[in-house]
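Reproduced below: target.pdb, with PDB, C-alpha atoms.
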ATOM      1  CA  MET A   1       2.897 112.859-149.317  1.00  0.00           C
ATOM      2  CA  ARG A   2       3.049 115.578-151.930  1.00  0.00           C
ATOM      3  CA  ASN A   3       2.789 119.185-150.872  1.00  0.00           C
ATOM      4  CA  PRO A   4      -0.380 120.823-152.278  1.00  0.00           C
ATOM      5  CA  ARG A   5       0.337 123.384-154.967  1.00  0.00           C
ATOM      6  CA  ASN A   6      -1.118 126.837-154.861  1.00  0.00           C
ATOM      7  CA  ASP A   7      -3.889 127.041-157.470  1.00  0.00           C
ATOM      8  CA  THR A   8      -3.674 130.691-158.470  1.00  0.00           C
ATOM      9  CA  LEU A   9      -1.742 132.304-161.287  1.00  0.00           C
ATOM     10  CA  SER A  10       1.241 132.398-158.954  1.00  0.00           C
ATOM     11  CA  ALA A  11       1.266 128.587-158.976  1.00  0.00           C
ATOM     12  CA  ALA A  12       3.787 128.776-161.776  1.00  0.00           C
ATOM     13  CA  ARG A  13       6.140 131.012-159.815  1.00  0.00           C
ATOM     14  CA  PRO A  14       9.692 129.724-160.197  1.00  0.00           C
ATOM     15  CA  LYS A  15      11.822 128.887-157.206  1.00  0.00           C
ATOM     16  CA  ALA A  16      14.266 131.530-156.047  1.00  0.00           C
ATOM     17  CA  ARG A  17      17.340 131.659-158.231  1.00  0.00           C
ATOM     18  CA  PRO A  18      20.872 132.763-157.461  1.00  0.00           C
ATOM     19  CA  ALA A  19      21.256 136.539-157.491  1.00  0.00           C
ATOM     20  CA  GLU A  20      23.303 136.490-160.672  1.00  0.00           C
ATOM     21  CA  GLU A  21      20.437 134.709-162.501  1.00  0.00           C
ATOM     22  CA  THR A  22      17.631 136.857-161.129  1.00  0.00           C
ATOM     23  CA  SER A  23      15.605 138.816-163.662  1.00  0.00           C
ATOM     24  CA  PRO A  24      15.890 142.600-163.156  1.00  0.00           C
ATOM     25  CA  GLU A  25      13.053 144.329-161.376  1.00  0.00           C
ATOM     26  CA  ARG A  26      11.161 147.023-163.262  1.00  0.00           C
ATOM     27  CA  LYS A  27       9.438 150.207-162.144  1.00  0.00           C
ATOM     28  CA  CYS A  28       6.113 151.426-163.492  1.00  0.00           C
ATOM     29  CA  VAL A  29       6.595 154.926-164.887  1.00  0.00           C
ATOM     30  CA  LEU A  30       3.055 155.859-163.841  1.00  0.00           C
ATOM     31  CA  SER A  31       2.543 154.386-160.374  1.00  0.00           C
ATOM     32  CA  GLY A  32       6.129 153.941-159.210  1.00  0.00           C
ATOM     33  CA  SER A  33       5.388 150.334-158.204  1.00  0.00           C
ATOM     34  CA  HIS A  34       7.971 147.657-158.834  1.00  0.00           C
ATOM     35  CA  GLY A  35       7.664 144.192-160.321  1.00  0.00           C
ATOM     36  CA  GLY A  36       9.240 141.633-162.572  1.00  0.00           C
ATOM     37  CA  ARG A  37       8.930 141.242-166.331  1.00  0.00           C
ATOM     38  CA  ASP A  38       5.923 138.970-165.908  1.00  0.00           C
ATOM     39  CA  ASP A  39       4.035 141.615-163.954  1.00  0.00           C
ATOM     40  CA  LEU A  40       4.713 144.817-165.889  1.00  0.00           C
ATOM     41  CA  LEU A  41       4.260 145.620-169.570  1.00  0.00           C
ATOM     42  CA  ARG A  42       6.960 147.183-171.708  1.00  0.00           C
ATOM     43  CA  LEU A  43       6.201 150.070-174.048  1.00  0.00           C
ATOM     44  CA  ALA A  44       8.519 150.791-176.950  1.00  0.00           C
ATOM     45  CA  ILE A  45       8.658 153.409-179.685  1.00  0.00           C
ATOM     46  CA  SER A  46       8.710 152.806-183.402  1.00  0.00           C
ATOM     47  CA  PRO A  47      11.288 154.530-185.640  1.00  0.00           C
ATOM     48  CA  ASP A  48       8.764 157.305-186.284  1.00  0.00           C
ATOM     49  CA  GLY A  49       8.093 157.841-182.575  1.00  0.00           C
ATOM     50  CA  LEU A  50       4.819 155.947-182.177  1.00  0.00           C
ATOM     51  CA  VAL A  51       4.379 154.453-178.688  1.00  0.00           C
ATOM     52  CA  LEU A  52       3.384 150.794-178.974  1.00  0.00           C
ATOM     53  CA  PRO A  53       2.976 147.804-176.645  1.00  0.00           C
ATOM     54  CA  ASP A  54       5.859 145.349-176.532  1.00  0.00           C
ATOM     55  CA  PRO A  55       4.294 142.388-174.671  1.00  0.00           C
ATOM     56  CA  LEU A  56       7.274 140.079-175.246  1.00  0.00           C
ATOM     57  CA  ALA A  57       9.775 142.818-174.298  1.00  0.00           C
ATOM     58  CA  ARG A  58      11.856 142.154-177.400  1.00  0.00           C
ATOM     59  CA  ALA A  59      11.714 145.401-179.357  1.00  0.00           C
ATOM     60  CA  PRO A  60      15.100 147.094-179.770  1.00  0.00           C
ATOM     61  CA  GLY A  61      15.976 150.416-178.250  1.00  0.00           C
ATOM     62  CA  ARG A  62      14.712 152.152-175.169  1.00  0.00           C
ATOM     63  CA  GLY A  63      11.640 150.964-173.323  1.00  0.00           C
ATOM     64  CA  ALA A  64       9.367 152.083-170.486  1.00  0.00           C
ATOM     65  CA  TRP A  65       7.329 149.841-168.204  1.00  0.00           C
ATOM     66  CA  ILE A  66       3.790 150.204-166.890  1.00  0.00           C
ATOM     67  CA  GLY A  67       1.901 148.156-164.326  1.00  0.00           C
ATOM     68  CA  VAL A  68      -1.524 149.790-164.169  1.00  0.00           C
ATOM     69  CA  THR A  69      -5.025 148.782-165.182  1.00  0.00           C
ATOM     70  CA  ARG A  70      -6.579 149.777-168.477  1.00  0.00           C
ATOM     71  CA  GLN A  71      -8.875 152.192-166.664  1.00  0.00           C
ATOM     72  CA  ASP A  72      -5.943 153.925-164.972  1.00  0.00           C
ATOM     73  CA  LEU A  73      -3.992 154.042-168.227  1.00  0.00           C
ATOM     74  CA  GLU A  74      -6.866 155.673-170.089  1.00  0.00           C
ATOM     75  CA  LYS A  75      -7.095 158.243-167.309  1.00  0.00           C
ATOM     76  CA  ALA A  76      -3.345 158.903-167.526  1.00  0.00           C
ATOM     77  CA  ILE A  77      -3.601 159.352-171.290  1.00  0.00           C
ATOM     78  CA  GLY A  78      -6.478 161.788-170.888  1.00  0.00           C
ATOM     79  CA  ASN A  79      -4.850 163.991-168.255  1.00  0.00           C
ATOM     80  CA  GLY A  80      -1.404 163.994-169.868  1.00  0.00           C
ATOM     81  CA  LYS A  81       0.336 162.051-167.085  1.00  0.00           C
ATOM     82  CA  LEU A  82       1.426 159.271-169.436  1.00  0.00           C
ATOM     83  CA  LYS A  83       2.850 161.770-171.912  1.00  0.00           C
ATOM     84  CA  GLY A  84       4.969 163.365-169.214  1.00  0.00           C
ATOM     85  CA  ALA A  85       6.135 160.041-167.809  1.00  0.00           C
ATOM     86  CA  LEU A  86       7.141 158.732-171.226  1.00  0.00           C
ATOM     87  CA  ALA A  87       8.887 161.982-172.109  1.00  0.00           C
ATOM     88  CA  ARG A  88      11.110 161.473-169.074  1.00  0.00           C
ATOM     89  CA  ALA A  89      11.610 157.770-169.724  1.00  0.00           C
ATOM     90  CA  PHE A  90      12.519 158.290-173.366  1.00  0.00           C
ATOM     91  CA  LYS A  91      14.758 161.257-172.605  1.00  0.00           C
ATOM     92  CA  GLY A  92      12.738 163.875-174.461  1.00  0.00           C
ATOM     93  CA  ALA A  93      12.350 161.932-177.709  1.00  0.00           C
ATOM     94  CA  VAL A  94       9.525 163.082-179.969  1.00  0.00           C
ATOM     95  CA  LEU A  95       6.627 160.736-179.179  1.00  0.00           C
ATOM     96  CA  THR A  96       3.154 160.091-180.508  1.00  0.00           C
ATOM     97  CA  ILE A  97       0.752 158.338-178.144  1.00  0.00           C
ATOM     98  CA  PRO A  98      -2.104 156.781-180.146  1.00  0.00           C
ATOM     99  CA  GLU A  99      -5.561 157.534-178.809  1.00  0.00           C
ATOM    100  CA  ASP A 100      -6.348 153.822-178.834  1.00  0.00           C
ATOM    101  CA  LEU A 101      -3.173 152.766-176.998  1.00  0.00           C
ATOM    102  CA  ALA A 102      -5.153 151.035-174.237  1.00  0.00           C
ATOM    103  CA  GLU A 103      -7.083 148.984-176.790  1.00  0.00           C
ATOM    104  CA  ARG A 104      -3.877 148.101-178.633  1.00  0.00           C
ATOM    105  CA  ILE A 105      -2.345 146.912-175.377  1.00  0.00           C
ATOM    106  CA  GLU A 106      -5.303 144.703-174.492  1.00  0.00           C
ATOM    107  CA  VAL A 107      -5.346 143.178-177.973  1.00  0.00           C
ATOM    108  CA  ALA A 108      -1.594 142.520-177.797  1.00  0.00           C
ATOM    109  CA  LEU A 109      -1.810 140.963-174.330  1.00  0.00           C
ATOM    110  CA  ARG A 110      -4.693 138.710-175.320  1.00  0.00           C
ATOM    111  CA  ARG A 111      -2.843 137.640-178.451  1.00  0.00           C
ATOM    112  CA  THR A 112       0.234 136.803-176.372  1.00  0.00           C
ATOM    113  CA  VAL A 113      -1.808 134.601-174.020  1.00  0.00           C
ATOM    114  CA  ASN A 114      -3.562 132.903-176.930  1.00  0.00           C
ATOM    115  CA  ASP A 115      -0.286 132.286-178.757  1.00  0.00           C
ATOM    116  CA  ARG A 116       1.316 130.790-175.654  1.00  0.00           C
ATOM    117  CA  LEU A 117      -1.621 128.464-175.047  1.00  0.00           C
ATOM    118  CA  GLY A 118      -1.485 127.319-178.662  1.00  0.00           C
ATOM    119  CA  LEU A 119       2.250 126.651-178.458  1.00  0.00           C
ATOM    120  CA  GLU A 120       1.904 124.621-175.272  1.00  0.00           C
ATOM    121  CA  LEU A 121      -0.951 122.591-176.734  1.00  0.00           C
ATOM    122  CA  ARG A 122       1.115 121.743-179.805  1.00  0.00           C
ATOM    123  CA  ALA A 123       4.006 120.802-177.522  1.00  0.00           C
ATOM    124  CA  GLY A 124       1.752 118.292-175.771  1.00  0.00           C
ATOM    125  CA  ASN A 125       1.674 120.129-172.446  1.00  0.00           C
ATOM    126  CA  ILE A 126      -2.092 120.772-172.238  1.00  0.00           C
ATOM    127  CA  LEU A 127      -4.949 118.364-171.610  1.00  0.00           C
ATOM    128  CA  LEU A 128      -8.382 119.176-173.057  1.00  0.00           C
ATOM    129  CA  GLY A 129     -11.698 117.459-172.482  1.00  0.00           C
ATOM    130  CA  THR A 130     -13.300 117.102-169.072  1.00  0.00           C
ATOM    131  CA  GLU A 131     -12.636 113.371-168.708  1.00  0.00           C
ATOM    132  CA  LYS A 132      -9.013 113.559-169.817  1.00  0.00           C
ATOM    133  CA  ILE A 133      -8.378 116.477-167.476  1.00  0.00           C
ATOM    134  CA  ALA A 134     -10.094 114.649-164.603  1.00  0.00           C
ATOM    135  CA  GLN A 135      -7.950 111.569-165.197  1.00  0.00           C
ATOM    136  CA  GLY A 136      -4.819 113.696-165.260  1.00  0.00           C
ATOM    137  CA  CYS A 137      -5.872 115.467-162.084  1.00  0.00           C
ATOM    138  CA  ARG A 138      -6.545 112.220-160.226  1.00  0.00           C
ATOM    139  CA  ALA A 139      -3.168 110.903-161.373  1.00  0.00           C
ATOM    140  CA  GLY A 140      -1.383 113.949-159.956  1.00  0.00           C
ATOM    141  CA  ALA A 141      -0.212 114.987-163.430  1.00  0.00           C
ATOM    142  CA  VAL A 142      -1.858 118.434-163.663  1.00  0.00           C
ATOM    143  CA  ARG A 143       0.292 121.405-162.664  1.00  0.00           C
ATOM    144  CA  PHE A 144      -2.155 124.174-163.554  1.00  0.00           C
ATOM    145  CA  LEU A 145      -5.935 123.849-163.829  1.00  0.00           C
ATOM    146  CA  ALA A 146      -7.894 126.586-165.588  1.00  0.00           C
ATOM    147  CA  HIS A 147     -11.421 127.312-166.809  1.00  0.00           C
ATOM    148  CA  ALA A 148     -13.103 129.677-169.250  1.00  0.00           C
ATOM    149  CA  SER A 149     -14.724 132.756-167.735  1.00  0.00           C
ATOM    150  CA  ASP A 150     -18.176 131.460-168.704  1.00  0.00           C
ATOM    151  CA  ALA A 151     -17.587 127.916-167.437  1.00  0.00           C
ATOM    152  CA  GLY A 152     -20.235 128.065-164.716  1.00  0.00           C
ATOM    153  CA  SER A 153     -19.486 126.206-161.488  1.00  0.00           C
ATOM    154  CA  ASP A 154     -20.368 122.523-161.880  1.00  0.00           C
ATOM    155  CA  GLY A 155     -17.524 121.493-164.205  1.00  0.00           C
ATOM    156  CA  PRO A 156     -14.819 123.488-162.414  1.00  0.00           C
ATOM    157  CA  ASN A 157     -15.956 122.141-159.045  1.00  0.00           C
ATOM    158  CA  LYS A 158     -15.794 118.529-160.208  1.00  0.00           C
ATOM    159  CA  LEU A 159     -12.359 118.984-161.753  1.00  0.00           C
ATOM    160  CA  ALA A 160     -11.129 120.792-158.667  1.00  0.00           C
ATOM    161  CA  GLN A 161     -12.201 117.841-156.547  1.00  0.00           C
ATOM    162  CA  ALA A 162     -10.285 115.458-158.812  1.00  0.00           C
ATOM    163  CA  TRP A 163      -7.264 117.750-158.623  1.00  0.00           C
ATOM    164  CA  ARG A 164      -7.339 117.786-154.826  1.00  0.00           C
ATOM    165  CA  VAL A 165      -7.541 114.005-154.778  1.00  0.00           C
ATOM    166  CA  GLY A 166      -4.547 113.660-157.068  1.00  0.00           C
ATOM    167  CA  GLU A 167      -2.549 116.146-155.019  1.00  0.00           C
ATOM    168  CA  GLU A 168      -3.574 114.538-151.716  1.00  0.00           C
ATOM    169  CA  ALA A 169      -4.926 117.965-150.824  1.00  0.00           C
ATOM    170  CA  GLU A 170      -8.525 117.148-149.941  1.00  0.00           C
ATOM    171  CA  GLY A 171     -10.007 119.685-147.571  1.00  0.00           C
ATOM    172  CA  THR A 172      -7.858 122.518-148.944  1.00  0.00           C
ATOM    173  CA  GLY A 173      -8.965 125.415-151.121  1.00  0.00           C
ATOM    174  CA  MET A 174      -7.365 124.213-154.374  1.00  0.00           C
ATOM    175  CA  LYS A 175      -9.870 125.048-157.106  1.00  0.00           C
ATOM    176  CA  GLY A 176      -8.052 126.228-160.208  1.00  0.00           C
ATOM    177  CA  THR A 177      -8.009 129.528-162.075  1.00  0.00           C
ATOM    178  CA  ILE A 178     -10.759 131.337-163.947  1.00  0.00           C
ATOM    179  CA  LEU A 179      -9.181 132.771-167.089  1.00  0.00           C
ATOM    180  CA  PRO A 180     -10.009 136.212-168.523  1.00  0.00           C
ATOM    181  CA  LEU A 181     -11.063 134.345-171.683  1.00  0.00           C
ATOM    182  CA  ASP A 182     -14.466 132.878-172.469  1.00  0.00           C
ATOM    183  CA  ARG A 183     -14.943 129.518-174.175  1.00  0.00           C
ATOM    184  CA  ALA A 184     -15.119 131.134-177.612  1.00  0.00           C
ATOM    185  CA  ALA A 185     -11.740 132.810-177.138  1.00  0.00           C
ATOM    186  CA  LEU A 186     -10.208 129.627-175.719  1.00  0.00           C
ATOM    187  CA  SER A 187     -11.540 127.608-178.618  1.00  0.00           C
ATOM    188  CA  VAL A 188      -9.963 129.988-181.118  1.00  0.00           C
ATOM    189  CA  ALA A 189      -6.658 130.047-179.231  1.00  0.00           C
ATOM    190  CA  LEU A 190      -6.437 126.256-179.080  1.00  0.00           C
ATOM    191  CA  GLY A 191      -8.014 125.442-182.418  1.00  0.00           C
ATOM    192  CA  ARG A 192     -10.655 123.207-180.854  1.00  0.00           C
ATOM    193  CA  ASP A 193     -14.424 123.361-180.480  1.00  0.00           C
ATOM    194  CA  ASN A 194     -16.042 124.429-177.212  1.00  0.00           C
ATOM    195  CA  VAL A 195     -12.968 124.537-174.968  1.00  0.00           C
ATOM    196  CA  VAL A 196     -14.099 125.188-171.400  1.00  0.00           C
ATOM    197  CA  HIS A 197     -11.356 123.670-169.233  1.00  0.00           C
ATOM    198  CA  LEU A 198      -7.661 122.946-169.607  1.00  0.00           C
ATOM    199  CA  GLY A 199      -5.008 121.245-167.554  1.00  0.00           C
ATOM    200  CA  VAL A 200      -1.297 121.975-167.936  1.00  0.00           C
ATOM    201  CA  THR A 201       0.856 118.924-167.291  1.00  0.00           C
ATOM    202  CA  ASP A 202       4.326 120.474-167.378  1.00  0.00           C
ATOM    203  CA  ALA A 203       5.604 122.793-164.640  1.00  0.00           C
ATOM    204  CA  ALA A 204       7.781 124.853-166.990  1.00  0.00           C
ATOM    205  CA  ALA A 205       4.841 125.252-169.380  1.00  0.00           C
ATOM    206  CA  ALA A 206       2.702 126.449-166.475  1.00  0.00           C
ATOM    207  CA  GLU A 207       5.304 129.124-165.736  1.00  0.00           C
ATOM    208  CA  ARG A 208       5.364 130.224-169.365  1.00  0.00           C
ATOM    209  CA  ILE A 209       1.575 130.550-169.387  1.00  0.00           C
ATOM    210  CA  ALA A 210       1.343 132.277-166.004  1.00  0.00           C
ATOM    211  CA  GLY A 211       3.491 135.254-167.033  1.00  0.00           C
ATOM    212  CA  PRO A 212       1.306 136.478-169.920  1.00  0.00           C
ATOM    213  CA  LEU A 213      -1.802 135.718-167.863  1.00  0.00           C
ATOM    214  CA  ARG A 214      -0.603 137.888-164.997  1.00  0.00           C
ATOM    215  CA  ARG A 215       0.040 140.802-167.358  1.00  0.00           C
ATOM    216  CA  LEU A 216      -3.391 140.462-168.931  1.00  0.00           C
ATOM    217  CA  THR A 217      -5.358 140.079-165.693  1.00  0.00           C
ATOM    218  CA  ARG A 218      -3.499 142.957-164.123  1.00  0.00           C
ATOM    219  CA  PHE A 219      -4.211 145.222-167.074  1.00  0.00           C
ATOM    220  CA  LEU A 220      -7.886 144.215-167.091  1.00  0.00           C
ATOM    221  CA  GLY A 221      -8.099 144.775-163.338  1.00  0.00           C
ATOM    222  CA  VAL A 222      -9.765 141.424-162.740  1.00  0.00           C
ATOM    223  CA  GLY A 223      -9.123 138.657-160.249  1.00  0.00           C
ATOM    224  CA  ASN A 224     -10.159 135.054-159.913  1.00  0.00           C
ATOM    225  CA  GLU A 225     -13.593 135.278-158.336  1.00  0.00           C
ATOM    226  CA  GLY A 226     -14.822 131.902-157.180  1.00  0.00           C
ATOM    227  CA  PHE A 227     -11.788 129.773-157.967  1.00  0.00           C
ATOM    228  CA  GLY A 228      -8.414 130.024-156.332  1.00  0.00           C
ATOM    229  CA  ALA A 229      -7.766 132.020-153.207  1.00  0.00           C
ATOM    230  CA  ASP A 230      -5.667 135.168-153.368  1.00  0.00           C
ATOM    231  CA  ALA A 231      -5.859 135.266-157.150  1.00  0.00           C
ATOM    232  CA  ALA A 232      -6.012 139.022-157.696  1.00  0.00           C
ATOM    233  CA  ALA A 233      -4.158 140.282-160.739  1.00  0.00           C
ATOM    234  CA  THR A 234      -1.233 141.745-158.814  1.00  0.00           C
ATOM    235  CA  PRO A 235       2.430 140.776-158.582  1.00  0.00           C
ATOM    236  CA  ASP A 236       3.031 137.679-156.485  1.00  0.00           C
ATOM    237  CA  ALA A 237       4.683 138.645-153.204  1.00  0.00           C
ATOM    238  CA  GLY A 238       7.068 135.705-153.328  1.00  0.00           C
ATOM    239  CA  LEU A 239       8.203 136.671-156.802  1.00  0.00           C
ATOM    240  CA  LEU A 240       8.889 140.217-155.689  1.00  0.00           C
ATOM    241  CA  GLU A 241      10.945 138.863-152.784  1.00  0.00           C
ATOM    242  CA  ASP A 242      12.952 136.763-155.206  1.00  0.00           C
ATOM    243  CA  LEU A 243      13.656 139.926-157.172  1.00  0.00           C
ATOM    244  CA  SER A 244      14.375 142.139-154.165  1.00  0.00           C
ATOM    245  CA  GLY A 245      18.048 142.472-154.968  1.00  0.00           C
ATOM    246  CA  ALA A 246      17.556 143.519-158.556  1.00  0.00           C
ATOM    247  CA  ALA A 247      17.863 146.963-160.084  1.00  0.00           C
ATOM    248  CA  ASN A 248      14.990 149.444-159.853  1.00  0.00           C
ATOM    249  CA  ASP A 249      15.334 151.188-163.213  1.00  0.00           C
ATOM    250  CA  ASP A 250      12.070 152.206-164.847  1.00  0.00           C
ATOM    251  CA  ILE A 251      13.613 152.194-168.320  1.00  0.00           C
ATOM    252  CA  ASP A 252      15.833 149.863-170.276  1.00  0.00           C
ATOM    253  CA  THR A 253      17.917 150.008-173.395  1.00  0.00           C
ATOM    254  CA  LYS A 254      18.022 146.420-174.648  1.00  0.00           C
ATOM    255  CA  GLY A 255      14.451 145.172-174.425  1.00  0.00           C
ATOM    256  CA  GLU A 256      15.130 143.422-171.123  1.00  0.00           C
TER
END
Structure re-expressed in C-alpha cells:
Amino acid sequence: MRNPRNDTLSAARPKARPAEETSPERKCVLSGSHGGRDDLLRLAISPDGLVLPDPLARAPGRGAWIGVTRQDLEKAIGNGKLKGALARAFKGAVLTIPEDLAERIEVALRRTVNDRLGLELRAGNILLGTEKIAQGCRAGAVRFLAHASDAGSDGPNKLAQAWRVGEEAEGTGMKGTILPLDRAALSVALGRDNVVHLGVTDAAAAERIAGPLRRLTRFLGVGNEGFGADAAATPDAGLLEDLSGAANDDIDTKGE
C-alpha cells in the first residue's frame, strides 16, 4: 500500500540530504527569520546601485534575502527599515530602492512561476484537461495536483477524489493546491486555452514548481483556503529541520 502524499506546496519537499549537500539556510534582513532558498527571496544590486529582485538567485555579487509579505515590505520601504537593513547587508554601498520595488518583486515572482510551469509542460511533466488529469490521478501517476484560484469547487473536488483513489488514501484530507493564479494567468503560462487544473506527474518536477510557488504565496501572504491542509505560505517545518545545520548568514557573495 502506498503512503499518501501530503497535498500542499510542501508535497514537493525533498528528502533530507547529507549535511555536505544541504543548501545553506538564509536569514531575512527584515524579520530575522530563517529559511531555505525556496522560502526567501534574494535581492541584488545593479552596477549603478539599483536594488532589484533576483528570484532565481543567480545575479553576481552581494545579495540580501527577505522573507516577508508584500504588505510588510511596503511598510518597511515607507518607514526606512528596508533602507537601513540593506545598507548593513551591502556594507554601506550606495543604494537606490525603487518606489515600486514591491510591484517589481511580485511581477518577477509570477514570471518565475509561469516560466517553470511552461518548462515542465514542454518537458512532458504536466497533465492538462480534466479527464486526462483524472485518469492520471486514478492510476497513481500524479505527484502534485493544482487548480486555478477561480476554479470553484466542483472540479477540484472530483479530481481530489480521483487522486485519493489512486493513492489509496480515501478518507484522508488530500485535496490538492489552489494556486495564486487564475485560469487566465495559467492559460498564458501554459500556452493553452482555459486552463483550470493541472497534474504534475514527475516528483522532481513537482519540487521545481513548489519552490517558486512557495516564494510567491509567501510574498502575497496567501494560503490554500479550501484545498490542502496546512497550506499557508510559510516555510515547511520539515525543510527547515533538514537545513538546521546550515549557516545563518543573511547575505551572500556568490548568488547562492
Which residues of region 159-208 of chain A come within 7 Å of region 123-133 of chain A, and for each one, what is the closest pair of atoms and their distance in Å to one decimal, counting all atoms listed in the file, sorted by chain and residue number, as JSON lines?
{"residue": "A:His197", "atom": "CA", "partner": "A:Leu128", "partner_atom": "CA", "distance": 6.6}
{"residue": "A:Leu198", "atom": "CA", "partner": "A:Leu128", "partner_atom": "CA", "distance": 5.2}
{"residue": "A:Gly199", "atom": "CA", "partner": "A:Leu127", "partner_atom": "CA", "distance": 5.0}
{"residue": "A:Val200", "atom": "CA", "partner": "A:Ile126", "partner_atom": "CA", "distance": 4.5}
{"residue": "A:Thr201", "atom": "CA", "partner": "A:Asn125", "partner_atom": "CA", "distance": 5.4}
{"residue": "A:Asp202", "atom": "CA", "partner": "A:Asn125", "partner_atom": "CA", "distance": 5.7}
{"residue": "A:Ala205", "atom": "CA", "partner": "A:Asn125", "partner_atom": "CA", "distance": 6.8}
Note to self: I want to know what sits within 7 Å of region 91-101 of chain A, based on all atoms listed in the file, with residues of the same chain fewer than 5 positions away left out; could you give that as a PyMOL selection string?
What the structure shows: chain A and resi 49-51
Can those selected residues be exported to a file as a compact mmCIF listing (two decimals), keeping the file's coordinate frame so that it contains C-alpha atoms?
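Here's the written file selection22.txt:
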# COMPACT_ATOMS: atom_id res chain seq x y z
CA GLY A 49 8.09 157.84 -182.58
CA LEU A 50 4.82 155.95 -182.18
CA VAL A 51 4.38 154.45 -178.69
Check: On this structure, which residues satisfy the PyMOL selection byres ((chain A and resi 72) around 12), written as a ChimeraX atom specification?
Finding: /A:30-31,66-71,73-79,81-82,102,218-221
Emit the selected residues as a PDB file, in the coordinates of the input, including C-alpha atoms.
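Everything below was put into part33.pdb:
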ATOM      1  CA  LEU A  30       3.055 155.859-163.841  1.00  0.00           C
ATOM      2  CA  SER A  31       2.543 154.386-160.374  1.00  0.00           C
ATOM      3  CA  ILE A  66       3.790 150.204-166.890  1.00  0.00           C
ATOM      4  CA  GLY A  67       1.901 148.156-164.326  1.00  0.00           C
ATOM      5  CA  VAL A  68      -1.524 149.790-164.169  1.00  0.00           C
ATOM      6  CA  THR A  69      -5.025 148.782-165.182  1.00  0.00           C
ATOM      7  CA  ARG A  70      -6.579 149.777-168.477  1.00  0.00           C
ATOM      8  CA  GLN A  71      -8.875 152.192-166.664  1.00  0.00           C
ATOM      9  CA  LEU A  73      -3.992 154.042-168.227  1.00  0.00           C
ATOM     10  CA  GLU A  74      -6.866 155.673-170.089  1.00  0.00           C
ATOM     11  CA  LYS A  75      -7.095 158.243-167.309  1.00  0.00           C
ATOM     12  CA  ALA A  76      -3.345 158.903-167.526  1.00  0.00           C
ATOM     13  CA  ILE A  77      -3.601 159.352-171.290  1.00  0.00           C
ATOM     14  CA  GLY A  78      -6.478 161.788-170.888  1.00  0.00           C
ATOM     15  CA  ASN A  79      -4.850 163.991-168.255  1.00  0.00           C
ATOM     16  CA  LYS A  81       0.336 162.051-167.085  1.00  0.00           C
ATOM     17  CA  LEU A  82       1.426 159.271-169.436  1.00  0.00           C
ATOM     18  CA  ALA A 102      -5.153 151.035-174.237  1.00  0.00           C
ATOM     19  CA  ARG A 218      -3.499 142.957-164.123  1.00  0.00           C
ATOM     20  CA  PHE A 219      -4.211 145.222-167.074  1.00  0.00           C
ATOM     21  CA  LEU A 220      -7.886 144.215-167.091  1.00  0.00           C
ATOM     22  CA  GLY A 221      -8.099 144.775-163.338  1.00  0.00           C
TER      23      GLY A 221
END
Notebook entry, point to check: If we count all atoms listed in the file, what is near His34 (chain A) at a cut-off of 8 Å, once residues fewer than 6 positions away on the same chain are taken out, given as a VMD selection string?
Noted result: chain A and resid 25 to 28 248
Enumerate, as an mmCIF file with C-alpha atoms, keeping the file's coordinate frame, the residues matched when the PyMOL selection byres ((chain A and resi 63) around 12) is run on the file above.
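In the end it all went to expr23.cif:
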data_model
loop_
_atom_site.group_PDB
_atom_site.id
_atom_site.type_symbol
_atom_site.label_atom_id
_atom_site.label_comp_id
_atom_site.auth_asym_id
_atom_site.auth_seq_id
_atom_site.Cartn_x
_atom_site.Cartn_y
_atom_site.Cartn_z
ATOM 1 C CA ARG A 26 11.161 147.023 -163.262
ATOM 2 C CA LYS A 27 9.438 150.207 -162.144
ATOM 3 C CA CYS A 28 6.113 151.426 -163.492
ATOM 4 C CA VAL A 29 6.595 154.926 -164.887
ATOM 5 C CA LEU A 40 4.713 144.817 -165.889
ATOM 6 C CA LEU A 41 4.260 145.620 -169.570
ATOM 7 C CA ARG A 42 6.960 147.183 -171.708
ATOM 8 C CA LEU A 43 6.201 150.070 -174.048
ATOM 9 C CA ALA A 44 8.519 150.791 -176.950
ATOM 10 C CA ILE A 45 8.658 153.409 -179.685
ATOM 11 C CA SER A 46 8.710 152.806 -183.402
ATOM 12 C CA VAL A 51 4.379 154.453 -178.688
ATOM 13 C CA LEU A 52 3.384 150.794 -178.974
ATOM 14 C CA PRO A 53 2.976 147.804 -176.645
ATOM 15 C CA ASP A 54 5.859 145.349 -176.532
ATOM 16 C CA PRO A 55 4.294 142.388 -174.671
ATOM 17 C CA LEU A 56 7.274 140.079 -175.246
ATOM 18 C CA ALA A 57 9.775 142.818 -174.298
ATOM 19 C CA ARG A 58 11.856 142.154 -177.400
ATOM 20 C CA ALA A 59 11.714 145.401 -179.357
ATOM 21 C CA PRO A 60 15.100 147.094 -179.770
ATOM 22 C CA GLY A 61 15.976 150.416 -178.250
ATOM 23 C CA ARG A 62 14.712 152.152 -175.169
ATOM 24 C CA ALA A 64 9.367 152.083 -170.486
ATOM 25 C CA TRP A 65 7.329 149.841 -168.204
ATOM 26 C CA ILE A 66 3.790 150.204 -166.890
ATOM 27 C CA ALA A 85 6.135 160.041 -167.809
ATOM 28 C CA LEU A 86 7.141 158.732 -171.226
ATOM 29 C CA ALA A 87 8.887 161.982 -172.109
ATOM 30 C CA ARG A 88 11.110 161.473 -169.074
ATOM 31 C CA ALA A 89 11.610 157.770 -169.724
ATOM 32 C CA PHE A 90 12.519 158.290 -173.366
ATOM 33 C CA LYS A 91 14.758 161.257 -172.605
ATOM 34 C CA ALA A 93 12.350 161.932 -177.709
ATOM 35 C CA ASP A 249 15.334 151.188 -163.213
ATOM 36 C CA ASP A 250 12.070 152.206 -164.847
ATOM 37 C CA ILE A 251 13.613 152.194 -168.320
ATOM 38 C CA ASP A 252 15.833 149.863 -170.276
ATOM 39 C CA THR A 253 17.917 150.008 -173.395
ATOM 40 C CA LYS A 254 18.022 146.420 -174.648
ATOM 41 C CA GLY A 255 14.451 145.172 -174.425
ATOM 42 C CA GLU A 256 15.130 143.422 -171.123
#
Next item on the list: Please provide the set of residues having any atom within 7 Å of Arg164 (chain A), restricted to only C-alpha atoms, with same-chain residues fewer than 5 positions apart removed, written as a ChimeraX atom specification.
Entry: /A:169-170,174
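Coordinates place CA of Thr177 (chain A) at a distance of 8.1 Å from CA of Phe144 (chain A).
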All file atoms of region 84-99 of chain A boxed axis-aligned, 8 Å per side, centre plus edges, as lines of an AutoDock Vina configuration file:
center_x = 4.6
center_y = 160.3
center_z = -174.2
size_x = 36.3
size_y = 23.1
size_z = 28.7
